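input.cif (mmCIF, N, CA and C atoms) appears below.
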```
data_protein
#
loop_
_atom_site.label_atom_id
_atom_site.label_comp_id
_atom_site.auth_asym_id
_atom_site.auth_seq_id
_atom_site.Cartn_x
_atom_site.Cartn_y
_atom_site.Cartn_z
N MET U 1 25.36 170.36 176.11
CA MET U 1 25.27 169.03 176.68
C MET U 1 24.62 169.13 178.05
N ARG U 2 23.81 168.17 178.37
CA ARG U 2 23.10 168.14 179.64
C ARG U 2 23.88 167.29 180.65
N TYR U 3 24.03 167.83 181.84
CA TYR U 3 24.63 167.09 182.95
C TYR U 3 23.56 166.82 183.99
N PHE U 4 23.54 165.61 184.52
CA PHE U 4 22.55 165.19 185.49
C PHE U 4 23.16 165.14 186.88
N GLY U 5 22.36 165.52 187.87
CA GLY U 5 22.67 165.22 189.26
C GLY U 5 22.09 163.86 189.57
N VAL U 6 22.47 163.27 190.69
CA VAL U 6 21.99 161.94 191.05
C VAL U 6 20.47 161.94 191.21
N GLU U 7 19.93 162.93 191.90
CA GLU U 7 18.48 162.99 192.12
C GLU U 7 17.73 163.10 190.80
N GLU U 8 18.24 163.93 189.91
CA GLU U 8 17.60 164.11 188.60
C GLU U 8 17.63 162.80 187.80
N ALA U 9 18.76 162.12 187.79
CA ALA U 9 18.86 160.83 187.09
C ALA U 9 17.90 159.81 187.70
N ASN U 10 17.81 159.81 189.02
CA ASN U 10 16.94 158.84 189.70
C ASN U 10 15.46 159.06 189.37
N ARG U 11 15.07 160.28 189.05
CA ARG U 11 13.68 160.53 188.67
C ARG U 11 13.32 159.81 187.36
N LEU U 12 14.31 159.48 186.56
CA LEU U 12 14.05 158.78 185.30
C LEU U 12 14.01 157.25 185.45
N ILE U 13 14.42 156.73 186.60
CA ILE U 13 14.52 155.27 186.77
C ILE U 13 13.18 154.57 186.57
N PRO U 14 12.05 155.06 187.12
CA PRO U 14 10.78 154.35 186.84
C PRO U 14 10.46 154.27 185.35
N LEU U 15 10.69 155.34 184.61
CA LEU U 15 10.44 155.31 183.17
C LEU U 15 11.41 154.37 182.46
N LEU U 16 12.68 154.43 182.84
CA LEU U 16 13.67 153.51 182.25
C LEU U 16 13.29 152.06 182.54
N THR U 17 12.88 151.78 183.75
CA THR U 17 12.52 150.41 184.13
C THR U 17 11.33 149.91 183.33
N ARG U 18 10.28 150.73 183.23
CA ARG U 18 9.11 150.33 182.43
C ARG U 18 9.49 150.10 180.97
N THR U 19 10.29 151.00 180.44
CA THR U 19 10.67 150.89 179.02
C THR U 19 11.50 149.65 178.77
N PHE U 20 12.51 149.42 179.59
CA PHE U 20 13.37 148.25 179.36
C PHE U 20 12.63 146.94 179.67
N THR U 21 11.66 146.96 180.55
CA THR U 21 10.84 145.77 180.78
C THR U 21 10.12 145.39 179.49
N ARG U 22 9.65 146.40 178.76
CA ARG U 22 8.99 146.18 177.48
C ARG U 22 9.98 145.76 176.39
N VAL U 23 11.15 146.40 176.36
CA VAL U 23 12.10 146.26 175.25
C VAL U 23 12.96 145.00 175.35
N ARG U 24 13.30 144.59 176.55
CA ARG U 24 14.25 143.48 176.71
C ARG U 24 13.82 142.20 175.98
N PRO U 25 12.55 141.79 176.01
CA PRO U 25 12.17 140.61 175.22
C PRO U 25 12.38 140.80 173.72
N TRP U 26 12.17 142.02 173.23
CA TRP U 26 12.40 142.31 171.82
C TRP U 26 13.88 142.18 171.49
N VAL U 27 14.73 142.68 172.39
CA VAL U 27 16.18 142.60 172.19
C VAL U 27 16.61 141.14 172.15
N ALA U 28 16.12 140.34 173.09
CA ALA U 28 16.48 138.92 173.14
C ALA U 28 16.04 138.21 171.86
N ARG U 29 14.83 138.49 171.38
CA ARG U 29 14.34 137.86 170.16
C ARG U 29 15.17 138.30 168.95
N ALA U 30 15.49 139.60 168.87
CA ALA U 30 16.31 140.09 167.75
C ALA U 30 17.68 139.42 167.75
N GLN U 31 18.27 139.27 168.93
CA GLN U 31 19.57 138.60 169.02
C GLN U 31 19.47 137.14 168.59
N ALA U 32 18.39 136.47 168.97
CA ALA U 32 18.19 135.08 168.56
C ALA U 32 18.03 134.99 167.04
N LEU U 33 17.32 135.94 166.46
CA LEU U 33 17.15 135.96 165.01
C LEU U 33 18.48 136.17 164.30
N VAL U 34 19.31 137.05 164.83
CA VAL U 34 20.64 137.28 164.24
C VAL U 34 21.44 135.99 164.24
N ARG U 35 21.43 135.28 165.37
CA ARG U 35 22.16 134.00 165.45
C ARG U 35 21.60 132.98 164.47
N GLU U 36 20.29 132.91 164.37
CA GLU U 36 19.66 131.97 163.45
C GLU U 36 19.99 132.31 162.00
N LEU U 37 19.94 133.58 161.66
CA LEU U 37 20.28 133.99 160.29
C LEU U 37 21.74 133.70 159.96
N GLU U 38 22.63 133.89 160.92
CA GLU U 38 24.05 133.57 160.70
C GLU U 38 24.23 132.08 160.45
N SER U 39 23.54 131.26 161.23
CA SER U 39 23.70 129.80 161.02
C SER U 39 23.08 129.37 159.69
N LEU U 40 21.99 129.99 159.29
CA LEU U 40 21.39 129.66 158.00
C LEU U 40 22.29 130.10 156.85
N GLN U 41 22.93 131.23 157.03
CA GLN U 41 23.87 131.71 156.00
C GLN U 41 25.04 130.74 155.88
N ASP U 42 25.51 130.21 157.01
CA ASP U 42 26.63 129.27 157.00
C ASP U 42 26.31 128.00 156.23
N VAL U 43 25.05 127.59 156.23
CA VAL U 43 24.68 126.37 155.51
C VAL U 43 24.11 126.68 154.12
N GLY U 44 24.16 127.94 153.74
CA GLY U 44 23.73 128.32 152.39
C GLY U 44 22.24 128.30 152.18
N ALA U 45 21.47 128.66 153.18
CA ALA U 45 20.01 128.67 153.06
C ALA U 45 19.57 129.64 151.97
N ARG U 46 18.49 129.29 151.31
CA ARG U 46 17.97 130.11 150.21
C ARG U 46 17.33 131.38 150.77
N PRO U 47 17.38 132.46 150.01
CA PRO U 47 16.83 133.76 150.46
C PRO U 47 15.36 133.69 150.88
N GLU U 48 14.56 132.88 150.21
CA GLU U 48 13.14 132.81 150.58
C GLU U 48 12.93 132.21 151.98
N ARG U 49 13.91 131.46 152.43
CA ARG U 49 13.83 130.90 153.80
C ARG U 49 14.25 131.93 154.84
N THR U 50 15.19 132.78 154.48
CA THR U 50 15.69 133.76 155.45
C THR U 50 14.92 135.08 155.43
N ALA U 51 14.21 135.37 154.37
CA ALA U 51 13.52 136.66 154.24
C ALA U 51 12.55 136.95 155.39
N PRO U 52 11.70 135.99 155.81
CA PRO U 52 10.80 136.30 156.92
C PRO U 52 11.55 136.57 158.23
N LEU U 53 12.65 135.87 158.42
CA LEU U 53 13.45 136.09 159.63
C LEU U 53 14.10 137.47 159.61
N ARG U 54 14.62 137.86 158.45
CA ARG U 54 15.21 139.20 158.32
C ARG U 54 14.16 140.28 158.54
N ALA U 55 12.96 140.07 158.02
CA ALA U 55 11.88 141.05 158.18
C ALA U 55 11.49 141.19 159.66
N GLU U 56 11.40 140.06 160.34
CA GLU U 56 11.06 140.11 161.77
C GLU U 56 12.16 140.81 162.56
N ARG U 57 13.41 140.48 162.24
CA ARG U 57 14.54 141.13 162.91
C ARG U 57 14.51 142.64 162.70
N ASP U 58 14.32 143.05 161.47
CA ASP U 58 14.31 144.48 161.15
C ASP U 58 13.15 145.20 161.84
N GLU U 59 12.00 144.55 161.90
CA GLU U 59 10.84 145.15 162.57
C GLU U 59 11.12 145.32 164.07
N LEU U 60 11.73 144.33 164.68
CA LEU U 60 12.06 144.42 166.10
C LEU U 60 13.09 145.52 166.36
N ILE U 61 14.08 145.60 165.52
CA ILE U 61 15.11 146.63 165.68
C ILE U 61 14.48 148.02 165.59
N GLU U 62 13.56 148.20 164.69
CA GLU U 62 12.89 149.50 164.56
C GLU U 62 12.03 149.79 165.80
N LYS U 63 11.32 148.80 166.31
CA LYS U 63 10.51 148.99 167.52
C LYS U 63 11.41 149.40 168.70
N ILE U 64 12.55 148.74 168.81
CA ILE U 64 13.50 149.05 169.89
C ILE U 64 14.01 150.48 169.73
N ARG U 65 14.39 150.84 168.52
CA ARG U 65 14.92 152.18 168.26
C ARG U 65 13.90 153.25 168.63
N VAL U 66 12.68 153.08 168.18
CA VAL U 66 11.62 154.06 168.46
C VAL U 66 11.39 154.17 169.97
N GLU U 67 11.35 153.06 170.64
CA GLU U 67 11.09 153.04 172.09
C GLU U 67 12.21 153.73 172.88
N LEU U 68 13.45 153.55 172.46
CA LEU U 68 14.58 154.08 173.22
C LEU U 68 14.98 155.50 172.81
N GLU U 69 14.49 155.94 171.68
CA GLU U 69 14.84 157.26 171.16
C GLU U 69 14.54 158.39 172.15
N GLN U 70 13.47 158.25 172.91
CA GLN U 70 13.09 159.29 173.86
C GLN U 70 14.19 159.59 174.88
N PHE U 71 14.97 158.59 175.24
CA PHE U 71 16.02 158.80 176.23
C PHE U 71 17.20 159.57 175.64
N GLN U 72 17.52 159.30 174.39
CA GLN U 72 18.57 160.05 173.74
C GLN U 72 18.19 161.52 173.65
N GLU U 73 16.91 161.78 173.39
CA GLU U 73 16.43 163.16 173.32
C GLU U 73 16.56 163.86 174.67
N LEU U 74 16.51 163.10 175.77
CA LEU U 74 16.66 163.66 177.11
C LEU U 74 18.12 163.84 177.51
N GLY U 75 19.04 163.32 176.70
CA GLY U 75 20.45 163.44 177.01
C GLY U 75 21.02 162.23 177.72
N VAL U 76 20.27 161.15 177.76
CA VAL U 76 20.73 159.90 178.39
C VAL U 76 21.45 159.07 177.33
N GLU U 77 22.62 158.53 177.67
CA GLU U 77 23.37 157.69 176.73
C GLU U 77 23.00 156.23 176.94
N LEU U 78 22.52 155.60 175.90
CA LEU U 78 22.18 154.18 175.95
C LEU U 78 23.42 153.38 175.58
N LYS U 79 23.86 152.53 176.49
CA LYS U 79 25.06 151.73 176.25
C LYS U 79 24.71 150.32 175.78
N ALA U 80 23.52 149.84 176.16
CA ALA U 80 23.07 148.52 175.72
C ALA U 80 21.55 148.53 175.67
N ALA U 81 20.98 148.00 174.62
CA ALA U 81 19.54 148.03 174.42
C ALA U 81 18.78 147.16 175.41
N ASP U 82 19.51 146.35 176.16
CA ASP U 82 18.82 145.54 177.17
C ASP U 82 18.87 146.17 178.56
N GLY U 83 19.34 147.44 178.64
CA GLY U 83 19.19 148.14 179.90
C GLY U 83 20.43 148.66 180.58
N LEU U 84 21.36 149.20 179.87
CA LEU U 84 22.54 149.84 180.47
C LEU U 84 22.61 151.27 179.95
N VAL U 85 22.57 152.23 180.88
CA VAL U 85 22.57 153.63 180.48
C VAL U 85 23.57 154.42 181.32
N ASP U 86 24.05 155.50 180.73
CA ASP U 86 24.92 156.45 181.40
C ASP U 86 24.29 157.83 181.32
N PHE U 87 24.51 158.60 182.36
CA PHE U 87 24.07 159.99 182.42
C PHE U 87 25.32 160.85 182.54
N HIS U 88 25.49 161.83 181.67
CA HIS U 88 26.60 162.76 181.82
C HIS U 88 26.43 163.47 183.16
N ALA U 89 27.52 163.61 183.87
CA ALA U 89 27.49 164.27 185.18
C ALA U 89 28.79 165.03 185.39
N LEU U 90 28.76 165.91 186.36
CA LEU U 90 29.96 166.64 186.79
C LEU U 90 30.28 166.24 188.21
N LYS U 91 31.50 165.78 188.41
CA LYS U 91 31.98 165.42 189.76
C LYS U 91 33.19 166.30 190.02
N ALA U 92 33.05 167.18 191.00
CA ALA U 92 34.11 168.14 191.31
C ALA U 92 34.51 168.93 190.06
N GLY U 93 33.51 169.25 189.25
CA GLY U 93 33.74 170.08 188.07
C GLY U 93 34.26 169.35 186.84
N ARG U 94 34.47 168.05 186.92
CA ARG U 94 34.97 167.32 185.75
C ARG U 94 33.91 166.35 185.26
N PRO U 95 33.84 166.14 183.96
CA PRO U 95 32.81 165.26 183.42
C PRO U 95 33.09 163.78 183.73
N VAL U 96 32.03 163.11 184.15
CA VAL U 96 32.03 161.67 184.42
C VAL U 96 30.66 161.14 184.00
N TYR U 97 30.43 159.87 184.20
CA TYR U 97 29.12 159.28 183.95
C TYR U 97 28.53 158.76 185.25
N LEU U 98 27.24 159.02 185.45
CA LEU U 98 26.46 158.26 186.41
C LEU U 98 25.99 157.04 185.64
N CYS U 99 25.98 155.89 186.27
CA CYS U 99 25.73 154.63 185.56
C CYS U 99 24.57 153.88 186.21
N TRP U 100 23.66 153.38 185.38
CA TRP U 100 22.53 152.58 185.86
C TRP U 100 22.35 151.38 184.94
N ARG U 101 21.98 150.26 185.57
CA ARG U 101 21.72 149.02 184.84
C ARG U 101 20.33 148.53 185.19
N PHE U 102 19.62 147.99 184.23
CA PHE U 102 18.27 147.47 184.45
C PHE U 102 18.26 146.56 185.68
N GLY U 103 17.28 146.77 186.53
CA GLY U 103 17.14 145.97 187.74
C GLY U 103 17.64 146.68 188.98
N GLU U 104 18.49 147.68 188.80
CA GLU U 104 18.97 148.44 189.96
C GLU U 104 17.87 149.42 190.37
N PRO U 105 17.61 149.56 191.69
CA PRO U 105 16.52 150.43 192.13
C PRO U 105 16.80 151.92 191.97
N GLU U 106 18.07 152.28 191.83
CA GLU U 106 18.45 153.69 191.69
C GLU U 106 19.84 153.79 191.10
N VAL U 107 20.20 155.00 190.73
CA VAL U 107 21.56 155.25 190.26
C VAL U 107 22.46 155.27 191.49
N SER U 108 23.34 154.30 191.58
CA SER U 108 24.18 154.19 192.78
C SER U 108 25.66 154.08 192.44
N HIS U 109 26.00 154.22 191.15
CA HIS U 109 27.39 154.10 190.71
C HIS U 109 27.73 155.19 189.70
N TRP U 110 29.00 155.43 189.55
CA TRP U 110 29.52 156.36 188.57
C TRP U 110 30.81 155.77 188.02
N HIS U 111 31.27 156.30 186.89
CA HIS U 111 32.57 155.89 186.36
C HIS U 111 33.14 157.01 185.50
N GLU U 112 34.42 156.94 185.27
CA GLU U 112 35.12 157.90 184.41
C GLU U 112 34.59 157.74 182.99
N LEU U 113 34.77 158.76 182.17
CA LEU U 113 34.28 158.71 180.80
C LEU U 113 34.86 157.53 180.03
N GLU U 114 36.10 157.22 180.27
CA GLU U 114 36.76 156.11 179.56
C GLU U 114 36.75 154.81 180.36
N GLY U 115 36.22 154.85 181.57
CA GLY U 115 36.27 153.69 182.45
C GLY U 115 35.29 152.59 182.12
N GLY U 116 34.14 152.93 181.59
CA GLY U 116 33.14 151.94 181.26
C GLY U 116 32.58 151.23 182.48
N PHE U 117 31.70 150.28 182.20
CA PHE U 117 31.00 149.56 183.26
C PHE U 117 31.97 148.91 184.24
N ALA U 118 33.06 148.38 183.73
CA ALA U 118 34.04 147.71 184.60
C ALA U 118 34.67 148.67 185.61
N GLY U 119 34.66 149.96 185.31
CA GLY U 119 35.25 150.95 186.21
C GLY U 119 34.26 151.59 187.16
N ARG U 120 33.07 151.00 187.29
CA ARG U 120 32.05 151.58 188.17
C ARG U 120 32.53 151.67 189.61
N GLN U 121 32.18 152.78 190.22
CA GLN U 121 32.48 153.01 191.63
C GLN U 121 31.19 153.44 192.33
N PRO U 122 31.01 153.05 193.58
CA PRO U 122 29.79 153.46 194.28
C PRO U 122 29.76 154.97 194.51
N ILE U 123 28.57 155.53 194.48
CA ILE U 123 28.37 156.94 194.80
C ILE U 123 28.35 157.05 196.32
N VAL U 124 29.29 157.80 196.86
CA VAL U 124 29.36 157.98 198.31
C VAL U 124 28.45 159.12 198.74
N HIS U 125 28.55 160.27 198.06
CA HIS U 125 27.74 161.43 198.37
C HIS U 125 27.10 161.95 197.08
N ALA U 126 25.78 161.89 197.02
CA ALA U 126 25.08 162.36 195.82
C ALA U 126 25.37 163.83 195.55
N ARG U 127 25.63 164.60 196.58
CA ARG U 127 25.89 166.04 196.40
C ARG U 127 27.19 166.30 195.65
N ASP U 128 28.04 165.28 195.49
CA ASP U 128 29.29 165.43 194.74
C ASP U 128 29.05 165.62 193.24
N PHE U 129 27.83 165.35 192.80
CA PHE U 129 27.49 165.42 191.38
C PHE U 129 26.47 166.53 191.20
N SER U 130 26.83 167.54 190.44
CA SER U 130 25.94 168.69 190.28
C SER U 130 25.37 168.74 188.88
N PRO U 131 24.03 168.96 188.77
CA PRO U 131 23.44 169.11 187.45
C PRO U 131 23.80 170.46 186.85
N SER U 132 23.87 170.50 185.53
CA SER U 132 24.20 171.73 184.85
C SER U 132 23.74 171.62 183.42
N TYR U 133 23.59 172.74 182.75
CA TYR U 133 23.25 172.75 181.34
C TYR U 133 24.25 173.61 180.61
N LEU U 134 24.78 173.08 179.52
CA LEU U 134 25.68 173.85 178.66
C LEU U 134 25.06 173.93 177.29
N SER U 135 25.20 175.03 176.64
CA SER U 135 24.63 175.14 175.30
C SER U 135 25.68 174.89 174.25
#
```
Written form, structure tokens:
Amino acid sequence: MRYFGVEEANRLIPLLTRTFTRVRPWVARAQALVRELESLQDVGARPERTAPLRAERDELIEKIRVELEQFQELGVELKAADGLVDFHALKAGRPVYLCWRFGEPEVSHWHELEGGFAGRQPIVHARDFSPSYLS
């Protein structure tokens, strides 16, 4: 498993920002299609009416998957396709997450593995998080 230091995670922010700038409209459209398909299903719409919507939804989901796959290969955990990511990190020798959300200029928060976004805490000293590689 790969552990990131704050500086190392911050080097990925420009790429993350460019990627999510591209992907976020696709995510919004896919979510709108899901809602539309659910409402059509509720009224018993015929399959020929929903098929083009399902095809568009599926195509968008695949585009999003392909675009975001590169980050998983780097060891970055994607928490939301519209721009929430965690980086495995070590703080005082224990595993935690560095946390970044689309629109933030840098990684400035961390949280416990089970804490989630609601448990975010500001990073006081970047040196408290050391990068490491485990096989």
The PyMOL selection byres ((chain U and resi 119-126) around 7) on the file shown: which residues, as a PDB file with N, CA and C atoms, in the coordinates of the input?
```pdb
ATOM      1  N   GLY U   5      22.360 165.520 187.870  1.00  0.00           N
ATOM      2  CA  GLY U   5      22.670 165.220 189.260  1.00  0.00           C
ATOM      3  C   GLY U   5      22.090 163.860 189.570  1.00  0.00           C
ATOM      4  N   VAL U   6      22.470 163.270 190.690  1.00  0.00           N
ATOM      5  CA  VAL U   6      21.990 161.940 191.050  1.00  0.00           C
ATOM      6  C   VAL U   6      20.470 161.940 191.210  1.00  0.00           C
ATOM      7  N   GLU U   7      19.930 162.930 191.900  1.00  0.00           N
ATOM      8  CA  GLU U   7      18.480 162.990 192.120  1.00  0.00           C
ATOM      9  C   GLU U   7      17.730 163.100 190.800  1.00  0.00           C
ATOM     10  N   VAL U 107      20.200 155.000 190.730  1.00  0.00           N
ATOM     11  CA  VAL U 107      21.560 155.250 190.260  1.00  0.00           C
ATOM     12  C   VAL U 107      22.460 155.270 191.490  1.00  0.00           C
ATOM     13  N   SER U 108      23.340 154.300 191.580  1.00  0.00           N
ATOM     14  CA  SER U 108      24.180 154.190 192.780  1.00  0.00           C
ATOM     15  C   SER U 108      25.660 154.080 192.440  1.00  0.00           C
ATOM     16  N   HIS U 109      26.000 154.220 191.150  1.00  0.00           N
ATOM     17  CA  HIS U 109      27.390 154.100 190.710  1.00  0.00           C
ATOM     18  C   HIS U 109      27.730 155.190 189.700  1.00  0.00           C
ATOM     19  N   TRP U 110      29.000 155.430 189.550  1.00  0.00           N
ATOM     20  CA  TRP U 110      29.520 156.360 188.570  1.00  0.00           C
ATOM     21  C   TRP U 110      30.810 155.770 188.020  1.00  0.00           C
ATOM     22  N   HIS U 111      31.270 156.300 186.890  1.00  0.00           N
ATOM     23  CA  HIS U 111      32.570 155.890 186.360  1.00  0.00           C
ATOM     24  C   HIS U 111      33.140 157.010 185.500  1.00  0.00           C
ATOM     25  N   GLU U 112      34.420 156.940 185.270  1.00  0.00           N
ATOM     26  CA  GLU U 112      35.120 157.900 184.410  1.00  0.00           C
ATOM     27  C   GLU U 112      34.590 157.740 182.990  1.00  0.00           C
ATOM     28  N   GLY U 115      36.220 154.850 181.570  1.00  0.00           N
ATOM     29  CA  GLY U 115      36.270 153.690 182.450  1.00  0.00           C
ATOM     30  C   GLY U 115      35.290 152.590 182.120  1.00  0.00           C
ATOM     31  N   GLY U 116      34.140 152.930 181.590  1.00  0.00           N
ATOM     32  CA  GLY U 116      33.140 151.940 181.260  1.00  0.00           C
ATOM     33  C   GLY U 116      32.580 151.230 182.480  1.00  0.00           C
ATOM     34  N   PHE U 117      31.700 150.280 182.200  1.00  0.00           N
ATOM     35  CA  PHE U 117      31.000 149.560 183.260  1.00  0.00           C
ATOM     36  C   PHE U 117      31.970 148.910 184.240  1.00  0.00           C
ATOM     37  N   ALA U 118      33.060 148.380 183.730  1.00  0.00           N
ATOM     38  CA  ALA U 118      34.040 147.710 184.600  1.00  0.00           C
ATOM     39  C   ALA U 118      34.670 148.670 185.610  1.00  0.00           C
ATOM     40  N   ARG U 127      25.630 164.600 196.580  1.00  0.00           N
ATOM     41  CA  ARG U 127      25.890 166.040 196.400  1.00  0.00           C
ATOM     42  C   ARG U 127      27.190 166.300 195.650  1.00  0.00           C
ATOM     43  N   ASP U 128      28.040 165.280 195.490  1.00  0.00           N
ATOM     44  CA  ASP U 128      29.290 165.430 194.740  1.00  0.00           C
ATOM     45  C   ASP U 128      29.050 165.620 193.240  1.00  0.00           C
ATOM     46  N   PHE U 129      27.830 165.350 192.800  1.00  0.00           N
ATOM     47  CA  PHE U 129      27.490 165.420 191.380  1.00  0.00           C
ATOM     48  C   PHE U 129      26.470 166.530 191.200  1.00  0.00           C
ATOM     49  N   SER U 130      26.830 167.540 190.440  1.00  0.00           N
ATOM     50  CA  SER U 130      25.940 168.690 190.280  1.00  0.00           C
ATOM     51  C   SER U 130      25.370 168.740 188.880  1.00  0.00           C
TER      52      SER U 130
END
```
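Taking atom CA of Val43 of chain U and atom CA of Pro25 of chain U as the two end points, the separation is 27.3 Å.
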Open item on the list: When DSSP is applied to the backbone of this structure, which of chain U are assigned strand (DSSP E)? Write them out as a count of residues only.
Closed with: 32
- [ ] Taking the file as shown, find all residues satisfying the PyMOL selection byres (((chain U and resi 95 and name CA) around 10) and name CA) and write them as an NGL selection string.
- [x] :U and (3 or 88-94 or 96-98 or 111-113 or 129)
Using N, CA and C atoms, can you export the residues from the last selection as a PDB file, in the coordinates of the input?
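The file below, out.pdb, is the result:
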```pdb
ATOM      1  N   TYR U   3      24.030 167.830 181.840  1.00  0.00           N
ATOM      2  CA  TYR U   3      24.630 167.090 182.950  1.00  0.00           C
ATOM      3  C   TYR U   3      23.560 166.820 183.990  1.00  0.00           C
ATOM      4  N   HIS U  88      25.490 161.830 181.670  1.00  0.00           N
ATOM      5  CA  HIS U  88      26.600 162.760 181.820  1.00  0.00           C
ATOM      6  C   HIS U  88      26.430 163.470 183.160  1.00  0.00           C
ATOM      7  N   ALA U  89      27.520 163.610 183.870  1.00  0.00           N
ATOM      8  CA  ALA U  89      27.490 164.270 185.180  1.00  0.00           C
ATOM      9  C   ALA U  89      28.790 165.030 185.390  1.00  0.00           C
ATOM     10  N   LEU U  90      28.760 165.910 186.360  1.00  0.00           N
ATOM     11  CA  LEU U  90      29.960 166.640 186.790  1.00  0.00           C
ATOM     12  C   LEU U  90      30.280 166.240 188.210  1.00  0.00           C
ATOM     13  N   LYS U  91      31.500 165.780 188.410  1.00  0.00           N
ATOM     14  CA  LYS U  91      31.980 165.420 189.760  1.00  0.00           C
ATOM     15  C   LYS U  91      33.190 166.300 190.020  1.00  0.00           C
ATOM     16  N   ALA U  92      33.050 167.180 191.000  1.00  0.00           N
ATOM     17  CA  ALA U  92      34.110 168.140 191.310  1.00  0.00           C
ATOM     18  C   ALA U  92      34.510 168.930 190.060  1.00  0.00           C
ATOM     19  N   GLY U  93      33.510 169.250 189.250  1.00  0.00           N
ATOM     20  CA  GLY U  93      33.740 170.080 188.070  1.00  0.00           C
ATOM     21  C   GLY U  93      34.260 169.350 186.840  1.00  0.00           C
ATOM     22  N   ARG U  94      34.470 168.050 186.920  1.00  0.00           N
ATOM     23  CA  ARG U  94      34.970 167.320 185.750  1.00  0.00           C
ATOM     24  C   ARG U  94      33.910 166.350 185.260  1.00  0.00           C
ATOM     25  N   VAL U  96      32.030 163.110 184.150  1.00  0.00           N
ATOM     26  CA  VAL U  96      32.030 161.670 184.420  1.00  0.00           C
ATOM     27  C   VAL U  96      30.660 161.140 184.000  1.00  0.00           C
ATOM     28  N   TYR U  97      30.430 159.870 184.200  1.00  0.00           N
ATOM     29  CA  TYR U  97      29.120 159.280 183.950  1.00  0.00           C
ATOM     30  C   TYR U  97      28.530 158.760 185.250  1.00  0.00           C
ATOM     31  N   LEU U  98      27.240 159.020 185.450  1.00  0.00           N
ATOM     32  CA  LEU U  98      26.460 158.260 186.410  1.00  0.00           C
ATOM     33  C   LEU U  98      25.990 157.040 185.640  1.00  0.00           C
ATOM     34  N   HIS U 111      31.270 156.300 186.890  1.00  0.00           N
ATOM     35  CA  HIS U 111      32.570 155.890 186.360  1.00  0.00           C
ATOM     36  C   HIS U 111      33.140 157.010 185.500  1.00  0.00           C
ATOM     37  N   GLU U 112      34.420 156.940 185.270  1.00  0.00           N
ATOM     38  CA  GLU U 112      35.120 157.900 184.410  1.00  0.00           C
ATOM     39  C   GLU U 112      34.590 157.740 182.990  1.00  0.00           C
ATOM     40  N   LEU U 113      34.770 158.760 182.170  1.00  0.00           N
ATOM     41  CA  LEU U 113      34.280 158.710 180.800  1.00  0.00           C
ATOM     42  C   LEU U 113      34.860 157.530 180.030  1.00  0.00           C
ATOM     43  N   PHE U 129      27.830 165.350 192.800  1.00  0.00           N
ATOM     44  CA  PHE U 129      27.490 165.420 191.380  1.00  0.00           C
ATOM     45  C   PHE U 129      26.470 166.530 191.200  1.00  0.00           C
TER      46      PHE U 129
END
```
Picked residues, the PyMOL selection byres ((chain U and resi 56-70) around 7), as a CSV table (one decimal) with N, CA and C atoms, keeping the file's coordinate frame:
```
chain,number,residue,atom,x,y,z
U,19,THR,N,10.3,151.0,180.4
U,19,THR,CA,10.7,150.9,179.0
U,19,THR,C,11.5,149.6,178.8
U,23,VAL,N,11.2,146.4,176.4
U,23,VAL,CA,12.1,146.3,175.2
U,23,VAL,C,13.0,145.0,175.4
U,26,TRP,N,12.2,142.0,173.2
U,26,TRP,CA,12.4,142.3,171.8
U,26,TRP,C,13.9,142.2,171.5
U,27,VAL,N,14.7,142.7,172.4
U,27,VAL,CA,16.2,142.6,172.2
U,27,VAL,C,16.6,141.1,172.2
U,29,ARG,N,14.8,138.5,171.4
U,29,ARG,CA,14.3,137.9,170.2
U,29,ARG,C,15.2,138.3,169.0
U,30,ALA,N,15.5,139.6,168.9
U,30,ALA,CA,16.3,140.1,167.8
U,30,ALA,C,17.7,139.4,167.8
U,33,LEU,N,17.3,135.9,166.5
U,33,LEU,CA,17.2,136.0,165.0
U,33,LEU,C,18.5,136.2,164.3
U,34,VAL,N,19.3,137.0,164.8
U,34,VAL,CA,20.6,137.3,164.2
U,34,VAL,C,21.4,136.0,164.2
U,51,ALA,N,14.2,135.4,154.4
U,51,ALA,CA,13.5,136.7,154.2
U,51,ALA,C,12.6,137.0,155.4
U,52,PRO,N,11.7,136.0,155.8
U,52,PRO,CA,10.8,136.3,156.9
U,52,PRO,C,11.6,136.6,158.2
U,53,LEU,N,12.6,135.9,158.4
U,53,LEU,CA,13.4,136.1,159.6
U,53,LEU,C,14.1,137.5,159.6
U,54,ARG,N,14.6,137.9,158.4
U,54,ARG,CA,15.2,139.2,158.3
U,54,ARG,C,14.2,140.3,158.5
U,55,ALA,N,13.0,140.1,158.0
U,55,ALA,CA,11.9,141.0,158.2
U,55,ALA,C,11.5,141.2,159.7
U,71,PHE,N,15.0,158.6,175.2
U,71,PHE,CA,16.0,158.8,176.2
U,71,PHE,C,17.2,159.6,175.6
U,72,GLN,N,17.5,159.3,174.4
U,72,GLN,CA,18.6,160.0,173.7
U,72,GLN,C,18.2,161.5,173.6
U,73,GLU,N,16.9,161.8,173.4
U,73,GLU,CA,16.4,163.2,173.3
U,73,GLU,C,16.6,163.9,174.7
U,74,LEU,N,16.5,163.1,175.8
U,74,LEU,CA,16.7,163.7,177.1
U,74,LEU,C,18.1,163.8,177.5
U,75,GLY,N,19.0,163.3,176.7
U,75,GLY,CA,20.4,163.4,177.0
U,75,GLY,C,21.0,162.2,177.7
U,76,VAL,N,20.3,161.2,177.8
U,76,VAL,CA,20.7,159.9,178.4
U,76,VAL,C,21.4,159.1,177.3
```
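In this structure, atom N of Leu37 of chain U sits 11.2 Å away from atom N of Arg49 of chain U.
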Close residues, Phe102 of chain U itself excluded, 7 Å, all atoms listed in the file, min 4 positions apart in chain, as a tab-separated table (two decimals) with N, CA and C atoms, keeping the file's coordinate frame:
```
chain	number	residue	atom	x	y	z
U	17	THR	N	12.88	151.78	183.75
U	17	THR	CA	12.52	150.41	184.13
U	17	THR	C	11.33	149.91	183.33
U	82	ASP	N	19.51	146.35	176.16
U	82	ASP	CA	18.82	145.54	177.17
U	82	ASP	C	18.87	146.17	178.56
U	83	GLY	N	19.34	147.44	178.64
U	83	GLY	CA	19.19	148.14	179.90
U	83	GLY	C	20.43	148.66	180.58
U	84	LEU	N	21.36	149.20	179.87
U	84	LEU	CA	22.54	149.84	180.47
U	84	LEU	C	22.61	151.27	179.95
U	85	VAL	N	22.57	152.23	180.88
U	85	VAL	CA	22.57	153.63	180.48
U	85	VAL	C	23.57	154.42	181.32
```
